[in-house]
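**Student:** My structure is below; once you've seen it, I'll send some questions.
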Amino acid sequence: MEEQQEILARTVGAVMRPAVVTVDVGETVLVAWELLQRSGSRHLPVVRPDGRCAGLLERADVAVACGTPAVSLSDVRVDELLRGHGPALVRVEQTVRHAANLMTYTESDALPVLTEDGRLAGVLTAADIVSALAGHPVRKESADRRPQAGTVLPGLPPRRGYRGQAAP
């Protein structure tokens, strides 16, 4: 029990995954879907050109948006999916307990994590918290495998389970 209390008292920055795939707020929904598919992520942080976080898209929300006719999809921008709900978010220095309480209150399973100046530092998922409570080390993806905001198809690794060849 003491060990659980110790983990809940850690900072979010010690438990979160800092390496995330992001999408620019002005990109299309199709680009967001491709990024989700290629990265295997369930969540996609949306960033503004200045690096500040605009919100967090969930795979299901993007999938629903992609259900519209393909002709109109090239006109639908990521920021349109964010309208109407401000993101619940945490800061790197806040505790895991605070983040878990916020996830429970907002019924979300992931939160964007911000630095002191409001820039995206990473994403904290419920799976990250459970993994920490189970005593597993934090999974840190290497920076050279991490696609950056604005990188679309050529620089991305192939999606999980893909048996073809990666794009050059």
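In the structure tokens, the first chain shown is A, the next is B, and so on; residue numbers restart at 1 for each chain, and ligands run from 1 in the order shown.
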List every residue of segment 52-135 of chain A that DSSP, applied to the backbone of this structure, assigns to strand (DSSP E or B), and report them as a list in words.

**Tutor:**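 Restricting segment 52-135 of chain A to strand (DSSP E or B) produces Arg52, Cys53, Ala54, Gly55, Leu56, Leu57, Glu58, Arg77, Val90, Arg91, Thr95, Ala110, Leu111, Pro112, Val113, Leu114, Arg119, Leu120, Ala121, Gly122, Val123, Leu124 and Thr125 of chain A.
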
**Student:** Go ahead and dump the residues you just picked, N, CA and C atoms, as a short mmCIF file (atom, residue, chain, number, x, y, z; two decimals), in the first residue's frame.

**Tutor:**
data_model
loop_
_atom_site.label_atom_id
_atom_site.label_comp_id
_atom_site.auth_asym_id
_atom_site.auth_seq_id
_atom_site.Cartn_x
_atom_site.Cartn_y
_atom_site.Cartn_z
N ARG A 52 2.06 24.97 -28.60
CA ARG A 52 1.11 24.85 -27.49
C ARG A 52 0.04 23.83 -27.84
N CYS A 53 -0.44 23.12 -26.84
CA CYS A 53 -1.43 22.06 -27.03
C CYS A 53 -2.83 22.64 -27.22
N ALA A 54 -3.51 22.20 -28.29
CA ALA A 54 -4.87 22.64 -28.55
C ALA A 54 -5.89 21.62 -28.06
N GLY A 55 -5.45 20.39 -27.85
CA GLY A 55 -6.37 19.35 -27.40
C GLY A 55 -5.83 17.97 -27.68
N LEU A 56 -6.69 16.99 -27.47
CA LEU A 56 -6.31 15.59 -27.64
C LEU A 56 -7.43 14.88 -28.39
N LEU A 57 -7.10 14.29 -29.52
CA LEU A 57 -8.09 13.53 -30.29
C LEU A 57 -8.00 12.07 -29.90
N GLU A 58 -9.13 11.41 -29.86
CA GLU A 58 -9.15 9.98 -29.61
C GLU A 58 -9.41 9.28 -30.94
N ARG A 77 -10.92 19.87 -41.10
CA ARG A 77 -9.67 20.10 -40.38
C ARG A 77 -9.77 19.56 -38.96
N VAL A 90 -3.01 18.23 -17.69
CA VAL A 90 -2.21 18.32 -16.48
C VAL A 90 -0.84 18.89 -16.83
N ARG A 91 -0.16 19.32 -15.82
CA ARG A 91 1.20 19.84 -15.99
C ARG A 91 2.20 18.80 -15.50
N THR A 95 0.89 15.84 -9.52
CA THR A 95 1.04 14.46 -9.08
C THR A 95 0.19 13.51 -9.93
N ALA A 110 -6.91 9.46 -21.05
CA ALA A 110 -5.62 10.07 -21.40
C ALA A 110 -5.71 11.58 -21.23
N LEU A 111 -4.57 12.16 -20.88
CA LEU A 111 -4.49 13.60 -20.71
C LEU A 111 -3.22 14.13 -21.38
N PRO A 112 -3.34 15.26 -22.08
CA PRO A 112 -2.11 15.89 -22.55
C PRO A 112 -1.37 16.47 -21.35
N VAL A 113 -0.05 16.39 -21.38
CA VAL A 113 0.77 16.89 -20.29
C VAL A 113 1.54 18.10 -20.82
N LEU A 114 1.45 19.21 -20.08
CA LEU A 114 2.06 20.45 -20.52
C LEU A 114 3.25 20.84 -19.65
N ARG A 119 3.52 24.31 -23.38
CA ARG A 119 3.85 23.46 -24.53
C ARG A 119 3.64 21.99 -24.18
N LEU A 120 3.35 21.20 -25.19
CA LEU A 120 3.11 19.78 -24.99
C LEU A 120 4.39 19.07 -24.58
N ALA A 121 4.33 18.35 -23.48
CA ALA A 121 5.47 17.57 -23.00
C ALA A 121 5.27 16.09 -23.29
N GLY A 122 4.02 15.66 -23.37
CA GLY A 122 3.73 14.25 -23.60
C GLY A 122 2.28 13.95 -23.33
N VAL A 123 1.98 12.67 -23.16
CA VAL A 123 0.62 12.21 -22.88
C VAL A 123 0.70 11.23 -21.72
N LEU A 124 -0.22 11.36 -20.80
CA LEU A 124 -0.35 10.41 -19.69
C LEU A 124 -1.62 9.62 -19.94
N THR A 125 -1.49 8.30 -19.99
CA THR A 125 -2.66 7.45 -20.20
C THR A 125 -2.94 6.66 -18.92
#

**Student:** Quick one: residues within 10 Å of Gln94 of chain A, only C-alpha atoms counted, chain neighbours fewer than 4 positions away excluded, as a ChimeraX atom specification?

**Tutor:** /A:9-13,90,98-99,113

**Student:** Would you export the selected residues with C-alpha atoms as a CSV table (one decimal), in the first residue's frame, please?

**Tutor:**
chain,number,residue,atom,x,y,z
A,9,ALA,CA,2.8,11.0,-5.2
A,10,ARG,CA,5.2,11.0,-8.2
A,11,THR,CA,5.0,13.7,-10.7
A,12,VAL,CA,3.2,13.2,-13.9
A,13,GLY,CA,6.5,13.8,-15.7
A,90,VAL,CA,-2.2,18.3,-16.5
A,98,HIS,CA,-4.2,14.6,-9.3
A,99,ALA,CA,-4.1,13.2,-12.9
A,113,VAL,CA,0.8,16.9,-20.3

**Student:** Which residues, written as a list in words, have at least one atom at most 9 Å from Ser41 of chain A, with only C-alpha atoms counted and residues fewer than 5 positions away on the same chain left out?

**Tutor:** Val20, Val21, Leu35, Leu36, Glu58 and Arg59 of chain A

**Student:** Export all heavy atoms of the chosen residues as a compact mmCIF listing (two decimals), in the first residue's frame?

**Tutor:**
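Once written, again.txt looks like this:
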# COMPACT_ATOMS: atom_id res chain seq x y z
N VAL A 20 5.64 11.39 -28.26
CA VAL A 20 4.31 11.24 -28.83
C VAL A 20 4.29 11.74 -30.27
O VAL A 20 5.08 12.60 -30.65
CB VAL A 20 3.24 12.02 -28.02
CG1 VAL A 20 3.07 11.43 -26.65
CG2 VAL A 20 3.58 13.48 -27.93
N VAL A 21 3.38 11.21 -31.03
CA VAL A 21 3.11 11.69 -32.38
C VAL A 21 2.08 12.80 -32.22
O VAL A 21 1.12 12.64 -31.48
CB VAL A 21 2.56 10.56 -33.27
CG1 VAL A 21 2.18 11.08 -34.64
CG2 VAL A 21 3.57 9.44 -33.37
N LEU A 35 -1.85 9.27 -39.18
CA LEU A 35 -0.90 9.32 -38.06
C LEU A 35 -1.29 8.32 -36.97
O LEU A 35 -0.42 7.64 -36.41
CB LEU A 35 -0.83 10.73 -37.48
CG LEU A 35 -0.11 11.75 -38.36
CD1 LEU A 35 -0.37 13.17 -37.86
CD2 LEU A 35 1.37 11.47 -38.40
N LEU A 36 -2.56 8.23 -36.67
CA LEU A 36 -3.03 7.26 -35.67
C LEU A 36 -2.76 5.83 -36.14
O LEU A 36 -2.30 4.99 -35.37
CB LEU A 36 -4.52 7.46 -35.38
CG LEU A 36 -4.87 8.64 -34.50
CD1 LEU A 36 -6.36 8.95 -34.59
CD2 LEU A 36 -4.46 8.38 -33.06
N GLU A 58 -9.13 11.41 -29.86
CA GLU A 58 -9.15 9.98 -29.61
C GLU A 58 -9.41 9.28 -30.94
O GLU A 58 -10.10 9.81 -31.81
CB GLU A 58 -10.24 9.62 -28.61
CG GLU A 58 -9.91 10.13 -27.22
CD GLU A 58 -10.81 9.53 -26.16
OE1 GLU A 58 -11.31 8.40 -26.36
OE2 GLU A 58 -10.98 10.19 -25.13
N ARG A 59 -8.85 8.09 -31.07
CA ARG A 59 -8.98 7.31 -32.30
C ARG A 59 -10.46 7.19 -32.71
O ARG A 59 -10.80 7.33 -33.87
CB ARG A 59 -8.38 5.93 -32.11
CG ARG A 59 -8.55 5.01 -33.31
CD ARG A 59 -7.96 3.64 -33.03
NE ARG A 59 -6.52 3.67 -33.05
CZ ARG A 59 -5.78 3.55 -34.16
NH1 ARG A 59 -6.36 3.38 -35.31
NH2 ARG A 59 -4.47 3.58 -34.09

**Student:** Which residues are near Ser108 of chain A? Cut-off 10 Å, only C-alpha atoms, ignore same chain within fewer than 5 positions. Put them as a PyMOL selection string.

**Tutor:** chain A and resi 58+88+100+102-103+125-126

**Student:** Atom CA of Pro49 of chain A to atom CA of Asp24 of chain A: how many Å, to one decimal?

**Tutor:**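 Distance between the two atoms: 6.9 Å.
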
**Student:** What's the 12 Å shell around Asp79 of chain A, counting only C-alpha atoms, without same-chain residues fewer than 4 positions away, as a PyMOL selection string?

**Tutor:** chain A and resi 23-29+32+45-48+53-57+62+75+83-86

**Student:** Could the residues in this selection be written to a file with N, CA, C and O atoms, as a PDB file, in the first residue's frame?

**Tutor:**
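Ended up saving to again25.pdb:
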ATOM      1  N   VAL A  23      -0.237  16.111 -34.244  1.00  0.00           N
ATOM      2  CA  VAL A  23      -0.759  16.619 -35.501  1.00  0.00           C
ATOM      3  C   VAL A  23      -0.983  18.116 -35.347  1.00  0.00           C
ATOM      4  O   VAL A  23      -1.380  18.590 -34.274  1.00  0.00           O
ATOM      5  N   ASP A  24      -0.708  18.854 -36.397  1.00  0.00           N
ATOM      6  CA  ASP A  24      -0.908  20.295 -36.399  1.00  0.00           C
ATOM      7  C   ASP A  24      -2.398  20.602 -36.454  1.00  0.00           C
ATOM      8  O   ASP A  24      -3.172  19.909 -37.127  1.00  0.00           O
ATOM      9  N   VAL A  25      -2.797  21.645 -35.769  1.00  0.00           N
ATOM     10  CA  VAL A  25      -4.201  22.019 -35.660  1.00  0.00           C
ATOM     11  C   VAL A  25      -4.849  22.276 -37.026  1.00  0.00           C
ATOM     12  O   VAL A  25      -6.049  22.081 -37.194  1.00  0.00           O
ATOM     13  N   GLY A  26      -4.075  22.637 -38.031  1.00  0.00           N
ATOM     14  CA  GLY A  26      -4.622  22.936 -39.354  1.00  0.00           C
ATOM     15  C   GLY A  26      -4.642  21.762 -40.317  1.00  0.00           C
ATOM     16  O   GLY A  26      -5.116  21.890 -41.444  1.00  0.00           O
ATOM     17  N   GLU A  27      -4.171  20.613 -39.896  1.00  0.00           N
ATOM     18  CA  GLU A  27      -4.136  19.442 -40.787  1.00  0.00           C
ATOM     19  C   GLU A  27      -5.531  18.876 -40.993  1.00  0.00           C
ATOM     20  O   GLU A  27      -6.460  19.148 -40.240  1.00  0.00           O
ATOM     21  N   THR A  28      -5.652  18.025 -41.993  1.00  0.00           N
ATOM     22  CA  THR A  28      -6.941  17.400 -42.278  1.00  0.00           C
ATOM     23  C   THR A  28      -7.167  16.193 -41.374  1.00  0.00           C
ATOM     24  O   THR A  28      -6.225  15.634 -40.815  1.00  0.00           O
ATOM     25  N   VAL A  29      -8.410  15.790 -41.285  1.00  0.00           N
ATOM     26  CA  VAL A  29      -8.783  14.613 -40.523  1.00  0.00           C
ATOM     27  C   VAL A  29      -8.121  13.371 -41.125  1.00  0.00           C
ATOM     28  O   VAL A  29      -7.730  12.457 -40.398  1.00  0.00           O
ATOM     29  N   ALA A  32      -4.731  13.074 -39.717  1.00  0.00           N
ATOM     30  CA  ALA A  32      -4.832  12.615 -38.325  1.00  0.00           C
ATOM     31  C   ALA A  32      -5.060  11.107 -38.290  1.00  0.00           C
ATOM     32  O   ALA A  32      -4.429  10.398 -37.498  1.00  0.00           O
ATOM     33  N   PRO A  45      -2.309  14.051 -29.809  1.00  0.00           N
ATOM     34  CA  PRO A  45      -2.307  15.448 -29.368  1.00  0.00           C
ATOM     35  C   PRO A  45      -2.311  16.387 -30.571  1.00  0.00           C
ATOM     36  O   PRO A  45      -1.646  16.132 -31.582  1.00  0.00           O
ATOM     37  N   VAL A  46      -3.070  17.442 -30.444  1.00  0.00           N
ATOM     38  CA  VAL A  46      -3.160  18.460 -31.487  1.00  0.00           C
ATOM     39  C   VAL A  46      -2.394  19.679 -30.993  1.00  0.00           C
ATOM     40  O   VAL A  46      -2.635  20.159 -29.887  1.00  0.00           O
ATOM     41  N   VAL A  47      -1.460  20.152 -31.804  1.00  0.00           N
ATOM     42  CA  VAL A  47      -0.637  21.292 -31.402  1.00  0.00           C
ATOM     43  C   VAL A  47      -0.811  22.464 -32.356  1.00  0.00           C
ATOM     44  O   VAL A  47      -1.062  22.286 -33.546  1.00  0.00           O
ATOM     45  N   ARG A  48      -0.680  23.638 -31.787  1.00  0.00           N
ATOM     46  CA  ARG A  48      -0.700  24.870 -32.575  1.00  0.00           C
ATOM     47  C   ARG A  48       0.700  25.091 -33.144  1.00  0.00           C
ATOM     48  O   ARG A  48       1.664  24.494 -32.682  1.00  0.00           O
ATOM     49  N   CYS A  53      -0.445  23.120 -26.839  1.00  0.00           N
ATOM     50  CA  CYS A  53      -1.426  22.063 -27.035  1.00  0.00           C
ATOM     51  C   CYS A  53      -2.831  22.645 -27.224  1.00  0.00           C
ATOM     52  O   CYS A  53      -3.289  23.461 -26.426  1.00  0.00           O
ATOM     53  N   ALA A  54      -3.505  22.199 -28.289  1.00  0.00           N
ATOM     54  CA  ALA A  54      -4.871  22.643 -28.547  1.00  0.00           C
ATOM     55  C   ALA A  54      -5.892  21.623 -28.063  1.00  0.00           C
ATOM     56  O   ALA A  54      -7.062  21.946 -27.894  1.00  0.00           O
ATOM     57  N   GLY A  55      -5.454  20.388 -27.846  1.00  0.00           N
ATOM     58  CA  GLY A  55      -6.373  19.352 -27.397  1.00  0.00           C
ATOM     59  C   GLY A  55      -5.831  17.966 -27.680  1.00  0.00           C
ATOM     60  O   GLY A  55      -4.690  17.803 -28.099  1.00  0.00           O
ATOM     61  N   LEU A  56      -6.689  16.985 -27.470  1.00  0.00           N
ATOM     62  CA  LEU A  56      -6.310  15.595 -27.644  1.00  0.00           C
ATOM     63  C   LEU A  56      -7.433  14.883 -28.388  1.00  0.00           C
ATOM     64  O   LEU A  56      -8.579  14.904 -27.943  1.00  0.00           O
ATOM     65  N   LEU A  57      -7.104  14.295 -29.525  1.00  0.00           N
ATOM     66  CA  LEU A  57      -8.088  13.529 -30.286  1.00  0.00           C
ATOM     67  C   LEU A  57      -7.995  12.068 -29.897  1.00  0.00           C
ATOM     68  O   LEU A  57      -6.903  11.543 -29.680  1.00  0.00           O
ATOM     69  N   VAL A  62     -11.861  10.325 -34.411  1.00  0.00           N
ATOM     70  CA  VAL A  62     -11.334  10.489 -35.767  1.00  0.00           C
ATOM     71  C   VAL A  62     -11.980   9.465 -36.701  1.00  0.00           C
ATOM     72  O   VAL A  62     -12.341   9.780 -37.834  1.00  0.00           O
ATOM     73  N   ASP A  75     -11.605  18.467 -46.763  1.00  0.00           N
ATOM     74  CA  ASP A  75     -11.906  19.822 -46.294  1.00  0.00           C
ATOM     75  C   ASP A  75     -12.082  19.900 -44.781  1.00  0.00           C
ATOM     76  O   ASP A  75     -12.142  20.991 -44.225  1.00  0.00           O
ATOM     77  N   ARG A  83     -13.696  21.396 -31.461  1.00  0.00           N
ATOM     78  CA  ARG A  83     -14.666  22.420 -31.067  1.00  0.00           C
ATOM     79  C   ARG A  83     -15.653  21.904 -30.043  1.00  0.00           C
ATOM     80  O   ARG A  83     -16.112  20.776 -30.112  1.00  0.00           O
ATOM     81  N   GLY A  84     -15.957  22.756 -29.087  1.00  0.00           N
ATOM     82  CA  GLY A  84     -16.996  22.437 -28.118  1.00  0.00           C
ATOM     83  C   GLY A  84     -16.521  21.770 -26.843  1.00  0.00           C
ATOM     84  O   GLY A  84     -17.266  21.695 -25.890  1.00  0.00           O
ATOM     85  N   HIS A  85     -15.298  21.272 -26.811  1.00  0.00           N
ATOM     86  CA  HIS A  85     -14.845  20.694 -25.549  1.00  0.00           C
ATOM     87  C   HIS A  85     -13.378  21.039 -25.331  1.00  0.00           C
ATOM     88  O   HIS A  85     -12.519  20.648 -26.095  1.00  0.00           O
ATOM     89  N   GLY A  86     -13.171  21.835 -24.297  1.00  0.00           N
ATOM     90  CA  GLY A  86     -11.802  22.187 -23.923  1.00  0.00           C
ATOM     91  C   GLY A  86     -11.130  20.972 -23.321  1.00  0.00           C
ATOM     92  O   GLY A  86     -11.761  20.178 -22.624  1.00  0.00           O
TER      93      GLY A  86
END

**Student:** Using Å and a single decimal, report how far atom CA of Ala132 of chain A sits from atom CA of Val15 of chain A.

**Tutor:**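 Computing the Euclidean distance for atom CA of Val15 of chain A and atom CA of Ala132 of chain A yields 6.8 Å.
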
**Student:** Between A:Thr106, A:Cys66, A:Gln5, A:His136, which residue has the minimum interatomic distance to Pro87 of chain A, considering only C-alpha atoms?

**Tutor:**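 Ranked by minimum distance to Pro87 of chain A, first place goes to A:Thr106.
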
**Student:** Could you check how far atom CA of Ala14 of chain A sits from atom CA of Thr115 of chain A, in Å to one decimal?

**Tutor:**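 So the answer is 12.9 Å.
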